[in-house]
Structure formats: C-alpha cells, structure tokens
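Student: Contents of upload_8.cif (mmCIF, C-alpha atoms, pLDDT in the B column; chains and numbers go by the auth columns) are below:
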```
data_target
#
loop_
_atom_site.group_PDB
_atom_site.id
_atom_site.type_symbol
_atom_site.label_atom_id
_atom_site.label_comp_id
_atom_site.label_asym_id
_atom_site.label_seq_id
_atom_site.Cartn_x
_atom_site.Cartn_y
_atom_site.Cartn_z
_atom_site.B_iso_or_equiv
_atom_site.auth_seq_id
_atom_site.auth_asym_id
ATOM 1 C CA MET A 1 -16.946 -32.396 10.774 37.00 1 A
ATOM 2 C CA HIS A 2 -19.467 -30.405 12.761 33.00 2 A
ATOM 3 C CA LEU A 3 -17.982 -27.530 14.730 35.00 3 A
ATOM 4 C CA GLY A 4 -21.071 -26.444 16.654 36.00 4 A
ATOM 5 C CA GLY A 5 -21.690 -27.227 20.275 34.00 5 A
ATOM 6 C CA ALA A 6 -21.781 -24.421 22.793 35.00 6 A
ATOM 7 C CA ALA A 7 -25.197 -23.000 23.424 33.00 7 A
ATOM 8 C CA GLY A 8 -25.682 -19.286 23.152 38.00 8 A
ATOM 9 C CA ARG A 9 -26.474 -16.543 20.759 35.00 9 A
ATOM 10 C CA SER A 10 -24.677 -16.833 17.442 39.00 10 A
ATOM 11 C CA PRO A 11 -23.217 -13.747 15.700 39.00 11 A
ATOM 12 C CA THR A 12 -25.636 -11.692 13.664 38.00 12 A
ATOM 13 C CA ARG A 13 -25.610 -12.528 9.988 37.00 13 A
ATOM 14 C CA GLY A 14 -26.257 -9.353 8.065 34.00 14 A
ATOM 15 C CA THR A 15 -27.306 -9.410 4.454 34.00 15 A
ATOM 16 C CA VAL A 16 -24.238 -8.579 2.356 35.00 16 A
ATOM 17 C CA ARG A 17 -24.563 -7.706 -1.313 44.00 17 A
ATOM 18 C CA LYS A 18 -20.961 -8.252 -2.333 67.00 18 A
ATOM 19 C CA GLY A 19 -18.860 -11.380 -2.291 89.00 19 A
ATOM 20 C CA ILE A 20 -21.509 -13.460 -4.060 90.00 20 A
ATOM 21 C CA ARG A 21 -20.662 -14.971 -7.416 89.00 21 A
ATOM 22 C CA ARG A 22 -23.249 -16.335 -9.789 87.00 22 A
ATOM 23 C CA ASN A 23 -22.090 -19.808 -10.742 80.00 23 A
ATOM 24 C CA GLY A 24 -24.333 -21.181 -13.447 81.00 24 A
ATOM 25 C CA SER A 25 -27.794 -21.370 -11.950 83.00 25 A
ATOM 26 C CA GLY A 26 -26.530 -21.138 -8.365 90.00 26 A
ATOM 27 C CA TYR A 27 -24.643 -18.817 -6.034 92.00 27 A
ATOM 28 C CA GLN A 28 -21.219 -19.071 -4.431 92.00 28 A
ATOM 29 C CA ALA A 29 -19.888 -17.031 -1.489 94.00 29 A
ATOM 30 C CA LEU A 30 -16.284 -15.876 -1.552 92.00 30 A
ATOM 31 C CA ALA A 31 -13.944 -13.667 0.478 93.00 31 A
ATOM 32 C CA CYS A 32 -10.333 -12.655 -0.162 91.00 32 A
ATOM 33 C CA PHE A 33 -7.188 -11.772 1.761 89.00 33 A
ATOM 34 C CA ASN A 34 -3.566 -11.399 0.618 87.00 34 A
ATOM 35 C CA GLY A 35 -4.149 -13.131 -2.700 88.00 35 A
ATOM 36 C CA ALA A 36 -6.109 -16.010 -1.155 90.00 36 A
ATOM 37 C CA VAL A 37 -9.706 -16.613 -2.231 92.00 37 A
ATOM 38 C CA ILE A 38 -11.945 -18.504 0.200 93.00 38 A
ATOM 39 C CA GLN A 39 -14.983 -20.040 -1.485 93.00 39 A
ATOM 40 C CA SER A 40 -18.077 -21.933 -0.495 93.00 40 A
ATOM 41 C CA LYS A 41 -19.754 -24.570 -2.571 92.00 41 A
ATOM 42 C CA THR A 42 -22.562 -23.599 -4.945 92.00 42 A
ATOM 43 C CA THR A 43 -26.110 -23.331 -3.651 92.00 43 A
ATOM 44 C CA GLN A 44 -29.373 -22.583 -5.420 93.00 44 A
ATOM 45 C CA ASP A 45 -30.570 -20.387 -2.545 93.00 45 A
ATOM 46 C CA LEU A 46 -29.241 -16.805 -2.459 91.00 46 A
ATOM 47 C CA ALA A 47 -30.106 -16.403 1.238 93.00 47 A
ATOM 48 C CA THR A 48 -27.999 -19.454 2.074 93.00 48 A
ATOM 49 C CA ALA A 49 -25.096 -18.046 0.056 92.00 49 A
ATOM 50 C CA LEU A 50 -25.378 -14.782 2.001 93.00 50 A
ATOM 51 C CA ASP A 51 -25.299 -16.706 5.288 93.00 51 A
ATOM 52 C CA TRP A 52 -22.164 -18.491 4.136 93.00 52 A
ATOM 53 C CA LEU A 53 -20.625 -15.172 3.099 93.00 53 A
ATOM 54 C CA ALA A 54 -21.234 -13.867 6.627 93.00 54 A
ATOM 55 C CA ILE A 55 -19.045 -16.750 7.850 93.00 55 A
ATOM 56 C CA LEU A 56 -16.272 -16.376 5.269 94.00 56 A
ATOM 57 C CA THR A 57 -15.961 -12.604 5.754 93.00 57 A
ATOM 58 C CA PRO A 58 -14.679 -12.683 9.369 94.00 58 A
ATOM 59 C CA ILE A 59 -12.289 -15.469 8.410 93.00 59 A
ATOM 60 C CA SER A 60 -10.701 -13.307 5.714 92.00 60 A
ATOM 61 C CA SER A 61 -10.647 -10.141 7.847 92.00 61 A
ATOM 62 C CA ARG A 62 -9.025 -11.878 10.830 92.00 62 A
ATOM 63 C CA CYS A 63 -6.416 -13.499 8.588 91.00 63 A
ATOM 64 C CA ARG A 64 -5.638 -10.134 7.010 88.00 64 A
ATOM 65 C CA GLN A 65 -5.266 -8.453 10.398 88.00 65 A
ATOM 66 C CA ASN A 66 -2.952 -11.158 11.741 87.00 66 A
ATOM 67 C CA LEU A 67 -0.741 -11.070 8.666 84.00 67 A
ATOM 68 C CA ARG A 68 -0.596 -7.274 8.646 83.00 68 A
ATOM 69 C CA ARG A 69 0.511 -7.277 12.272 81.00 69 A
ATOM 70 C CA HIS A 70 3.058 -10.020 11.489 73.00 70 A
ATOM 71 C CA GLN A 71 1.415 -12.263 14.054 70.00 71 A
ATOM 72 C CA ALA A 72 1.513 -16.047 13.877 74.00 72 A
ATOM 73 C CA LEU A 73 -1.515 -17.301 11.951 82.00 73 A
ATOM 74 C CA ASN A 74 -2.943 -20.734 12.649 88.00 74 A
ATOM 75 C CA PHE A 75 -5.427 -20.856 9.807 91.00 75 A
ATOM 76 C CA LYS A 76 -6.961 -24.167 10.813 91.00 76 A
ATOM 77 C CA GLU A 77 -7.751 -22.999 14.344 91.00 77 A
ATOM 78 C CA LEU A 78 -9.044 -19.658 13.083 93.00 78 A
ATOM 79 C CA VAL A 79 -11.439 -21.285 10.600 93.00 79 A
ATOM 80 C CA GLN A 80 -12.663 -23.805 13.132 92.00 80 A
ATOM 81 C CA GLY A 81 -13.187 -21.022 15.674 93.00 81 A
ATOM 82 C CA VAL A 82 -15.307 -18.939 13.289 93.00 82 A
ATOM 83 C CA PHE A 83 -17.445 -21.912 12.283 93.00 83 A
ATOM 84 C CA PHE A 84 -17.890 -22.699 15.974 93.00 84 A
ATOM 85 C CA GLU A 85 -19.033 -19.117 16.650 93.00 85 A
ATOM 86 C CA TYR A 86 -21.658 -19.395 13.936 91.00 86 A
ATOM 87 C CA GLN A 87 -22.547 -22.971 14.921 90.00 87 A
ATOM 88 C CA GLU A 88 -22.239 -24.092 11.327 90.00 88 A
ATOM 89 C CA ASP A 89 -20.900 -27.291 9.806 90.00 89 A
ATOM 90 C CA ILE A 90 -17.859 -26.691 7.604 90.00 90 A
ATOM 91 C CA THR A 91 -18.830 -29.576 5.324 89.00 91 A
ATOM 92 C CA THR A 92 -22.204 -27.944 4.706 90.00 92 A
ATOM 93 C CA VAL A 93 -20.558 -24.753 3.466 91.00 93 A
ATOM 94 C CA GLY A 94 -18.091 -26.695 1.332 87.00 94 A
ATOM 95 C CA PHE A 95 -15.082 -24.604 2.316 85.00 95 A
ATOM 96 C CA ASN A 96 -12.109 -24.395 -0.079 92.00 96 A
ATOM 97 C CA LEU A 97 -9.222 -22.009 -0.752 93.00 97 A
ATOM 98 C CA GLN A 98 -7.135 -20.993 -3.742 92.00 98 A
ATOM 99 C CA PHE A 99 -4.411 -18.405 -4.292 91.00 99 A
ATOM 100 C CA ARG A 100 -5.001 -16.294 -7.410 89.00 100 A
ATOM 101 C CA VAL A 101 -2.659 -13.375 -8.010 85.00 101 A
ATOM 102 C CA ARG A 102 -2.001 -11.219 -11.056 86.00 102 A
ATOM 103 C CA LYS A 103 1.581 -10.067 -11.612 87.00 103 A
ATOM 104 C CA ARG A 104 1.206 -8.144 -14.840 83.00 104 A
ATOM 105 C CA HIS A 105 4.727 -6.726 -14.763 83.00 105 A
ATOM 106 C CA TRP A 106 6.220 -10.221 -14.840 86.00 106 A
ATOM 107 C CA ILE A 107 3.740 -12.487 -16.640 87.00 107 A
ATOM 108 C CA GLY A 108 1.226 -10.149 -18.262 84.00 108 A
ATOM 109 C CA ASN A 109 -2.454 -10.930 -17.830 84.00 109 A
ATOM 110 C CA CYS A 110 -1.790 -14.484 -16.652 84.00 110 A
ATOM 111 C CA GLU A 111 -2.522 -15.491 -13.078 84.00 111 A
ATOM 112 C CA VAL A 112 -0.296 -17.090 -10.494 85.00 112 A
ATOM 113 C CA ALA A 113 -2.909 -19.603 -9.366 89.00 113 A
ATOM 114 C CA THR A 114 -2.529 -22.581 -7.072 91.00 114 A
ATOM 115 C CA PRO A 115 -4.723 -25.661 -7.304 91.00 115 A
ATOM 116 C CA VAL A 116 -7.915 -25.480 -5.242 92.00 116 A
ATOM 117 C CA ILE A 117 -7.190 -26.602 -1.675 93.00 117 A
ATOM 118 C CA TYR A 118 -9.855 -28.459 0.307 92.00 118 A
ATOM 119 C CA SER A 119 -7.790 -29.536 3.318 91.00 119 A
ATOM 120 C CA LEU A 120 -7.424 -27.102 6.214 92.00 120 A
ATOM 121 C CA GLU A 121 -3.951 -28.457 6.948 92.00 121 A
ATOM 122 C CA GLU A 122 -2.776 -27.910 3.362 93.00 122 A
ATOM 123 C CA ALA A 123 -4.455 -24.498 3.262 92.00 123 A
ATOM 124 C CA ASP A 124 -2.670 -23.527 6.478 92.00 124 A
ATOM 125 C CA ALA A 125 0.702 -24.569 5.019 92.00 125 A
ATOM 126 C CA ALA A 126 0.063 -22.683 1.763 92.00 126 A
ATOM 127 C CA ILE A 127 -0.968 -19.521 3.617 91.00 127 A
ATOM 128 C CA ARG A 128 2.127 -19.602 5.806 88.00 128 A
ATOM 129 C CA ARG A 129 4.253 -19.884 2.668 89.00 129 A
ATOM 130 C CA LEU A 130 2.518 -17.439 0.325 89.00 130 A
ATOM 131 C CA ALA A 131 0.381 -14.914 2.194 85.00 131 A
ATOM 132 C CA PRO A 132 3.233 -12.927 3.847 83.00 132 A
ATOM 133 C CA LEU A 133 4.654 -12.277 0.362 85.00 133 A
ATOM 134 C CA LEU A 134 1.370 -10.852 -0.907 80.00 134 A
ATOM 135 C CA LEU A 135 0.632 -7.527 0.734 64.00 135 A
ATOM 136 C CA SER A 136 -2.857 -6.125 0.422 47.00 136 A
ATOM 137 C CA LYS A 137 -3.279 -3.094 -1.857 47.00 137 A
ATOM 138 C CA THR A 138 -4.059 -0.748 1.010 40.00 138 A
ATOM 139 C CA TYR A 139 -0.956 -1.756 2.944 42.00 139 A
ATOM 140 C CA SER A 140 1.344 -1.754 -0.067 46.00 140 A
ATOM 141 C CA ARG A 141 0.371 1.813 -0.948 46.00 141 A
ATOM 142 C CA SER A 142 1.454 2.998 2.484 47.00 142 A
ATOM 143 C CA ALA A 143 4.658 0.948 2.417 49.00 143 A
ATOM 144 C CA PRO A 144 7.922 2.642 1.404 51.00 144 A
ATOM 145 C CA LYS A 145 8.860 2.473 -2.270 57.00 145 A
ATOM 146 C CA VAL A 146 11.551 0.009 -3.263 54.00 146 A
ATOM 147 C CA GLY A 147 14.075 -0.178 -6.057 65.00 147 A
ATOM 148 C CA GLN A 148 13.983 -2.402 -9.114 71.00 148 A
ATOM 149 C CA GLN A 149 16.428 -4.900 -7.599 77.00 149 A
ATOM 150 C CA THR A 150 14.278 -5.360 -4.490 83.00 150 A
ATOM 151 C CA TYR A 151 11.214 -5.661 -6.713 79.00 151 A
ATOM 152 C CA LEU A 152 12.949 -8.452 -8.653 85.00 152 A
ATOM 153 C CA GLN A 153 13.975 -10.234 -5.454 89.00 153 A
ATOM 154 C CA ARG A 154 10.390 -10.167 -4.200 89.00 154 A
ATOM 155 C CA TRP A 155 9.180 -11.704 -7.450 89.00 155 A
ATOM 156 C CA HIS A 156 11.741 -14.512 -7.179 90.00 156 A
ATOM 157 C CA LEU A 157 10.706 -15.178 -3.571 92.00 157 A
ATOM 158 C CA LEU A 158 7.042 -15.308 -4.554 91.00 158 A
ATOM 159 C CA LYS A 159 7.776 -17.560 -7.517 91.00 159 A
ATOM 160 C CA GLN A 160 9.752 -20.026 -5.406 92.00 160 A
ATOM 161 C CA ALA A 161 7.051 -20.078 -2.727 92.00 161 A
ATOM 162 C CA TYR A 162 4.393 -20.655 -5.393 92.00 162 A
ATOM 163 C CA LEU A 163 6.382 -23.534 -6.892 93.00 163 A
ATOM 164 C CA ASP A 164 6.851 -25.046 -3.426 92.00 164 A
ATOM 165 C CA VAL A 165 3.100 -24.981 -2.788 92.00 165 A
ATOM 166 C CA CYS A 166 2.301 -26.496 -6.184 91.00 166 A
ATOM 167 C CA GLU A 167 4.867 -29.235 -5.619 91.00 167 A
ATOM 168 C CA VAL A 168 3.292 -30.180 -2.295 90.00 168 A
ATOM 169 C CA LEU A 169 -0.245 -30.166 -3.668 89.00 169 A
ATOM 170 C CA VAL A 170 0.034 -31.850 -7.070 83.00 170 A
ATOM 171 C CA LYS A 171 3.742 -32.638 -7.584 77.00 171 A
ATOM 172 C CA CYS A 172 3.989 -30.490 -10.706 80.00 172 A
ATOM 173 C CA ARG A 173 6.882 -28.154 -9.917 88.00 173 A
ATOM 174 C CA GLN A 174 8.787 -28.592 -13.194 89.00 174 A
ATOM 175 C CA ALA A 175 5.726 -28.143 -15.389 90.00 175 A
ATOM 176 C CA VAL A 176 4.608 -25.034 -13.502 90.00 176 A
ATOM 177 C CA ALA A 177 8.147 -23.603 -13.544 91.00 177 A
ATOM 178 C CA ALA A 178 8.373 -24.148 -17.305 92.00 178 A
ATOM 179 C CA ARG A 179 5.035 -22.400 -17.831 91.00 179 A
ATOM 180 C CA LEU A 180 6.157 -19.433 -15.729 90.00 180 A
ATOM 181 C CA GLU A 181 9.367 -19.145 -17.738 91.00 181 A
ATOM 182 C CA VAL A 182 7.393 -19.048 -20.981 92.00 182 A
ATOM 183 C CA GLN A 183 5.068 -16.383 -19.574 89.00 183 A
ATOM 184 C CA GLU A 184 7.990 -14.299 -18.299 89.00 184 A
ATOM 185 C CA ALA A 185 9.774 -14.532 -21.649 90.00 185 A
ATOM 186 C CA ALA A 186 6.636 -13.476 -23.526 88.00 186 A
ATOM 187 C CA ARG A 187 6.384 -10.425 -21.302 86.00 187 A
ATOM 188 C CA SER A 188 10.093 -9.503 -21.411 85.00 188 A
ATOM 189 C CA LEU A 189 9.935 -6.938 -24.244 86.00 189 A
ATOM 190 C CA GLU A 190 6.973 -5.142 -22.707 84.00 190 A
ATOM 191 C CA ARG A 191 8.668 -5.269 -19.319 80.00 191 A
ATOM 192 C CA GLU A 192 11.832 -3.663 -20.705 83.00 192 A
ATOM 193 C CA ALA A 193 9.780 -0.977 -22.445 84.00 193 A
ATOM 194 C CA GLU A 194 7.858 -0.336 -19.238 80.00 194 A
ATOM 195 C CA THR A 195 11.108 -0.077 -17.283 80.00 195 A
ATOM 196 C CA GLU A 196 12.437 2.404 -19.851 84.00 196 A
ATOM 197 C CA ARG A 197 9.265 4.475 -19.528 84.00 197 A
ATOM 198 C CA ARG A 198 9.642 4.520 -15.776 81.00 198 A
ATOM 199 C CA ILE A 199 13.260 5.639 -16.077 85.00 199 A
ATOM 200 C CA GLN A 200 12.258 8.438 -18.441 86.00 200 A
ATOM 201 C CA LEU A 201 9.488 9.448 -16.074 88.00 201 A
ATOM 202 C CA LEU A 202 11.909 9.525 -13.149 87.00 202 A
ATOM 203 C CA LEU A 203 14.362 11.636 -15.159 88.00 203 A
ATOM 204 C CA SER A 204 11.583 13.993 -16.196 89.00 204 A
ATOM 205 C CA ASN A 205 10.378 14.330 -12.615 91.00 205 A
ATOM 206 C CA TRP A 206 13.944 14.898 -11.435 91.00 206 A
ATOM 207 C CA SER A 207 14.526 17.605 -14.061 89.00 207 A
ATOM 208 C CA ARG A 208 11.262 19.303 -13.173 89.00 208 A
ATOM 209 C CA SER A 209 11.960 19.172 -9.441 90.00 209 A
ATOM 210 C CA THR A 210 15.495 20.501 -10.024 90.00 210 A
ATOM 211 C CA ALA A 211 14.162 23.413 -12.081 89.00 211 A
ATOM 212 C CA GLN A 212 11.535 24.130 -9.431 91.00 212 A
ATOM 213 C CA ARG A 213 14.159 24.040 -6.695 90.00 213 A
ATOM 214 C CA LYS A 214 16.436 26.439 -8.596 90.00 214 A
ATOM 215 C CA ALA A 215 13.535 28.797 -9.264 90.00 215 A
ATOM 216 C CA HIS A 216 12.626 28.671 -5.591 90.00 216 A
ATOM 217 C CA GLU A 217 16.230 29.377 -4.606 89.00 217 A
ATOM 218 C CA ALA A 218 16.334 32.318 -7.052 89.00 218 A
ATOM 219 C CA ARG A 219 13.137 33.745 -5.550 90.00 219 A
ATOM 220 C CA ASP A 220 14.570 33.345 -2.060 89.00 220 A
ATOM 221 C CA ALA A 221 17.809 35.063 -3.112 88.00 221 A
ATOM 222 C CA ALA A 222 15.888 37.946 -4.716 88.00 222 A
ATOM 223 C CA ARG A 223 13.702 38.289 -1.630 89.00 223 A
ATOM 224 C CA ASP A 224 16.749 38.277 0.646 88.00 224 A
ATOM 225 C CA ALA A 225 18.480 40.894 -1.548 88.00 225 A
ATOM 226 C CA ALA A 226 15.410 43.133 -1.494 87.00 226 A
ATOM 227 C CA LYS A 227 15.138 42.758 2.275 87.00 227 A
ATOM 228 C CA SER A 228 18.822 43.578 2.681 87.00 228 A
ATOM 229 C CA LYS A 229 18.382 46.669 0.512 87.00 229 A
ATOM 230 C CA ARG A 230 15.385 47.800 2.548 88.00 230 A
ATOM 231 C CA ASP A 231 17.253 47.214 5.800 86.00 231 A
ATOM 232 C CA HIS A 232 20.239 49.186 4.496 87.00 232 A
ATOM 233 C CA TRP A 233 17.980 52.061 3.444 89.00 233 A
ATOM 234 C CA LYS A 234 16.280 52.069 6.844 87.00 234 A
ATOM 235 C CA GLU A 235 19.659 52.142 8.539 87.00 235 A
ATOM 236 C CA THR A 236 20.833 54.982 6.281 88.00 236 A
ATOM 237 C CA ARG A 237 17.695 57.014 6.962 87.00 237 A
ATOM 238 C CA ALA A 238 18.051 56.486 10.684 86.00 238 A
ATOM 239 C CA LYS A 239 21.671 57.616 10.539 87.00 239 A
ATOM 240 C CA MET A 240 20.762 60.681 8.470 86.00 240 A
ATOM 241 C CA ARG A 241 17.957 61.543 10.891 85.00 241 A
ATOM 242 C CA HIS A 242 20.327 61.225 13.819 84.00 242 A
ATOM 243 C CA GLU A 243 22.955 63.420 12.174 82.00 243 A
ATOM 244 C CA LEU A 244 20.338 66.008 11.229 84.00 244 A
ATOM 245 C CA THR A 245 18.965 66.069 14.746 85.00 245 A
ATOM 246 C CA CYS A 246 22.422 66.507 16.218 85.00 246 A
ATOM 247 C CA GLY A 247 23.218 69.270 13.704 80.00 247 A
ATOM 248 C CA MET A 248 20.037 71.164 14.512 81.00 248 A
ATOM 249 C CA ALA A 249 20.749 70.849 18.214 79.00 249 A
ATOM 250 C CA ASP A 250 24.199 72.332 17.716 78.00 250 A
ATOM 251 C CA ILE A 251 22.828 75.243 15.690 81.00 251 A
ATOM 252 C CA LEU A 252 20.113 75.976 18.217 78.00 252 A
ATOM 253 C CA GLY A 253 22.614 75.718 21.038 73.00 253 A
ATOM 254 C CA GLU A 254 24.995 78.217 19.462 65.00 254 A
ATOM 255 C CA GLY A 255 22.209 80.729 18.776 58.00 255 A
ATOM 256 C CA GLY A 256 20.914 80.543 22.330 55.00 256 A
ATOM 257 C CA GLY A 257 24.396 81.037 23.794 52.00 257 A
ATOM 258 C CA GLY A 258 25.015 84.279 21.797 50.00 258 A
ATOM 259 C CA LYS A 259 21.827 85.985 22.996 49.00 259 A
ATOM 260 C CA SER A 260 22.505 85.247 26.635 48.00 260 A
ATOM 261 C CA SER A 261 26.005 86.770 26.406 47.00 261 A
ATOM 262 C CA GLU A 262 24.637 90.027 24.930 49.00 262 A
ATOM 263 C CA ARG A 263 22.164 90.534 27.814 49.00 263 A
ATOM 264 C CA ALA A 264 24.697 89.922 30.534 48.00 264 A
ATOM 265 C CA PRO A 265 26.342 93.518 30.714 52.00 265 A
ATOM 266 C CA SER A 266 23.030 95.366 31.216 46.00 266 A
#
```
Would you write out, as structure tokens, the structure that this file holds?

Tutor:
Amino acid sequence: MHLGGAAGRSPTRGTVRKGIRRNGSGYQALACFNGAVIQSKTTQDLATALDWLAILTPISSRCRQNLRRHQALNFKELVQGVFFEYQEDITTVGFNLQFRVRKRHWIGNCEVATPVIYSLEEADAAIRRLAPLLLSKTYSRSAPKVGQQTYLQRWHLLKQAYLDVCEVLVKCRQAVAARLEVQEAARSLEREAETERRIQLLLSNWSRSTAQRKAHEARDAARDAAKSKRDHWKETRAKMRHELTCGMADILGEGGGGKSSERAPS
C-alpha cells in the first residue's frame, strides 16, 4: 500500500544516531512509546535505516502526546498520515509493532511481550487496550504516588489487557496466563522481601521526620520563650525608666517650689 500522492516538500529527514539497532549484518530502525516498540524491517544500508527512523520517530512522539493528553488515538490514521507526509511506502519500511514491558516487581527480569503485530488494525486495537495502562517514565515520576493496593490493581488490569491482546492475536490466553502465574510465583518471595524493605524504609523515614519535627518544635518553643523574656525585660525597663523620670520630676518640682516661696517676702 503506497501512501504517497500529494506533491510538495516532504519533511526534513535529519540524521539521527539513536534508535538504530544492529541486526546481524543489517540495520533496523525502532521507536518506542508507552511500552510499544515500532520497528522497521532490516536493511543493509545505514542511511536507509536512518531515513526510516525519521518516519518512525514522529509516529511514536504523536502517539505519546495523544495518550498523555487522554485524547482518542486512531493509530491507523496516524501512521498513514505520517507515511503520507514523508511520501513513503509503508510496505517498503516493513512496519511492525510489539509491546515489550518489564515488570520486575511482579515477574522479575521477564518481559510482558506480545507477539509481533504486522496489521495496522490489530496494532490499533492492541494500543487502545494496553497503551493507556503503560505510562511513560517521565509522566509516572510526576504522577502522585499510590498505595500498594492500587499498585496491585494496576498490575491486574495490565495483565488482563495483555491476555486479551494475546488471545486476539494468537489464541493462546491459557498458556500465557499459566506462564505469568509461574513467573509471579517465582518472584513472590523476593516481592515480599521487597515489600518488607519498603515498609521498614517508610517507618524509618517516618521516625526521622517525627524526630525532626519535634526538634523543630522545641527550637521554636525556645525561640518564643527567649523572645517573650526579652519583651518582658524591655517592658520592665520602660516601666522603670518611666517611674524614674516621674520621680525625678517630682523631686525637681518640690525643690523649685521651696526657693520661690523664700524669695516672695523680700
């Protein structure tokens, strides 16, 4: 299927030095978004692989932006639109997609990997099912932290979506589910130990923050007490100064009155 047609200047294809994988004696372009890996076929020419990478990169970035904004993503139309912009034939590039995600907490170093998808329609369905559950690293760091129960619920949602996709593609839901169960069971002891370490870390952080808060409160109380003492001393000094001034005025007034009365008869 050739997607070229409209005359005009095609987008500039800059030379990119990442996203190229050496595959035997050839090169393969790839780009990623939300756990999905878009790949080209293998070519012997590095320049051709770089040209293909320049096509796959905007596909991945536009998909990532749409998913991050929670906008509806029509993957088939998006891919066809990008290939049309670059006036390139999708069959020449050999476009395919696969989800590959590591969930070390649940299944160790194993990957949650779908079969390779060559159909745009099947890729679109898989992305709609899986991609929203796989936040990018940058976005997930800025997202609010969640509890262990929510974390577990998210894993179950991802697992069910993954099994649904595998069932549609190769009808192997039971086999994949059994393999996931084995991987989860093998990781269970390490997962429990990791959870215990996290609990201990939380308790340690809580104890440290509590001690810091109490020390801060003690410093504030001491500062307030010192300020109150200084204010009281200032008030006392002002009162003493006022009383002294009044006393001196009385003394001077009495002395002045006596002298004036002595001079009056003469």

Student: Taking the file as shown, find all residues satisfying the PyMOL selection byres ((chain A and resi 110) around 12) and write them as a PyMOL selection string.

Tutor: chain A and resi 100-109+111-113+179-180+182-184+186-187

Student: Could you list, as number ranges by chain, every residue within 10 Å of Leu158 in chain A, counting only C-alpha atoms and ignoring same-chain residues fewer than 6 positions away?

Tutor: A: 112, 129-134, 152, 164

Student: What does the structure give for the distance between CA of Arg197 in chain A and CA of Tyr151 in chain A, in Å to one decimal?

Tutor: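 Answer for the CA of Arg197 in chain A to CA of Tyr151 in chain A separation: 16.5 Å.
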
Student: With only C-alpha atoms as the atoms that count, which of A:Ile90, A:Ile38, A:Ala49, A:Ile117 lies nearest to Asn23 in chain A?

Tutor: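 Closest candidate: A:Ala49.
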
Student: Identify all residues satisfying the PyMOL selection byres ((chain A and resi 46) around 10) in the given file; provide them as a PDB file with C-alpha atoms, in the coordinates of the input.

Tutor:
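Saved as result_36.pdb:
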```pdb
ATOM      1  CA  ILE A  20     -21.509 -13.460  -4.060  1.00 90.00           C
ATOM      2  CA  ARG A  22     -23.249 -16.335  -9.789  1.00 87.00           C
ATOM      3  CA  GLY A  26     -26.530 -21.138  -8.365  1.00 90.00           C
ATOM      4  CA  TYR A  27     -24.643 -18.817  -6.034  1.00 92.00           C
ATOM      5  CA  GLN A  28     -21.219 -19.071  -4.431  1.00 92.00           C
ATOM      6  CA  ALA A  29     -19.888 -17.031  -1.489  1.00 94.00           C
ATOM      7  CA  THR A  42     -22.562 -23.599  -4.945  1.00 92.00           C
ATOM      8  CA  THR A  43     -26.110 -23.331  -3.651  1.00 92.00           C
ATOM      9  CA  GLN A  44     -29.373 -22.583  -5.420  1.00 93.00           C
ATOM     10  CA  ASP A  45     -30.570 -20.387  -2.545  1.00 93.00           C
ATOM     11  CA  ALA A  47     -30.106 -16.403   1.238  1.00 93.00           C
ATOM     12  CA  THR A  48     -27.999 -19.454   2.074  1.00 93.00           C
ATOM     13  CA  ALA A  49     -25.096 -18.046   0.056  1.00 92.00           C
ATOM     14  CA  LEU A  50     -25.378 -14.782   2.001  1.00 93.00           C
ATOM     15  CA  ASP A  51     -25.299 -16.706   5.288  1.00 93.00           C
ATOM     16  CA  TRP A  52     -22.164 -18.491   4.136  1.00 93.00           C
TER      17      TRP A  52
END
```

Student: Do you know which residues the PyMOL selection byres ((chain A and resi 169-171) around 10) returns on this file, as a VMD selection string?

Tutor: chain A and resid 114 to 117 122 to 123 126 163 to 168 172 to 176

Student: Mind giving me the straight-line distance from CA of Ile59 in chain A to CA of Gly35 in chain A in Å, one decimal?

Tutor: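 Calculated distance between CA of Ile59 in chain A and CA of Gly35 in chain A is 14.0 Å.
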
Student: What separation in Å, quoted to one decimal, exists between CA of Gln80 in chain A and CA of Arg68 in chain A?

Tutor: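 CA of Arg68 in chain A lies at a distance of 21.0 Å from CA of Gln80 in chain A.
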
Student: Which residue out of A:Arg198, A:His242, A:Arg128, A:Arg237 has the minimum interatomic distance to Asn74 in chain A when all atoms listed in the file are used?

Tutor: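 For Asn74 in chain A, the nearest of the candidates is A:Arg128.
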
Student: Which one is closest to Val93 in chain A: A:Leu73, A:Ala177, A:Ile55, A:Leu67? Count all atoms listed in the file.

Tutor: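 Answer, going by the shortest atom-to-atom distance: A:Ile55.
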
Student: Go through A:Asp250, A:Glu194, A:Glu243, A:Asp124 one by one, measure the shortest atom-to-atom distance of each to Val79 in chain A using only C-alpha atoms, and give the residue with the smallest value.

Tutor: A:Asp124

Student: Would you place a box with edges along x, y and z of the file around all atoms of range 176-184 of chain A listed there, add 6 Å to each of its six sides, and report the centre and edge lengths in Å to one decimal, as AutoDock Vina command-line options?

Tutor:
```
--center_x 7.0 --center_y -19.7 --center_z -17.2 --size_x 16.8 --size_y 22.7 --size_z 19.5
```

Student: Counting all atoms listed in the file, which residue out of A:Arg230, A:Ala31, A:Glu85, A:Gly94 sits closest to Cys63 in chain A?

Tutor: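 Using all atoms listed in the file, the shortest distance to Cys63 in chain A belongs to A:Ala31.
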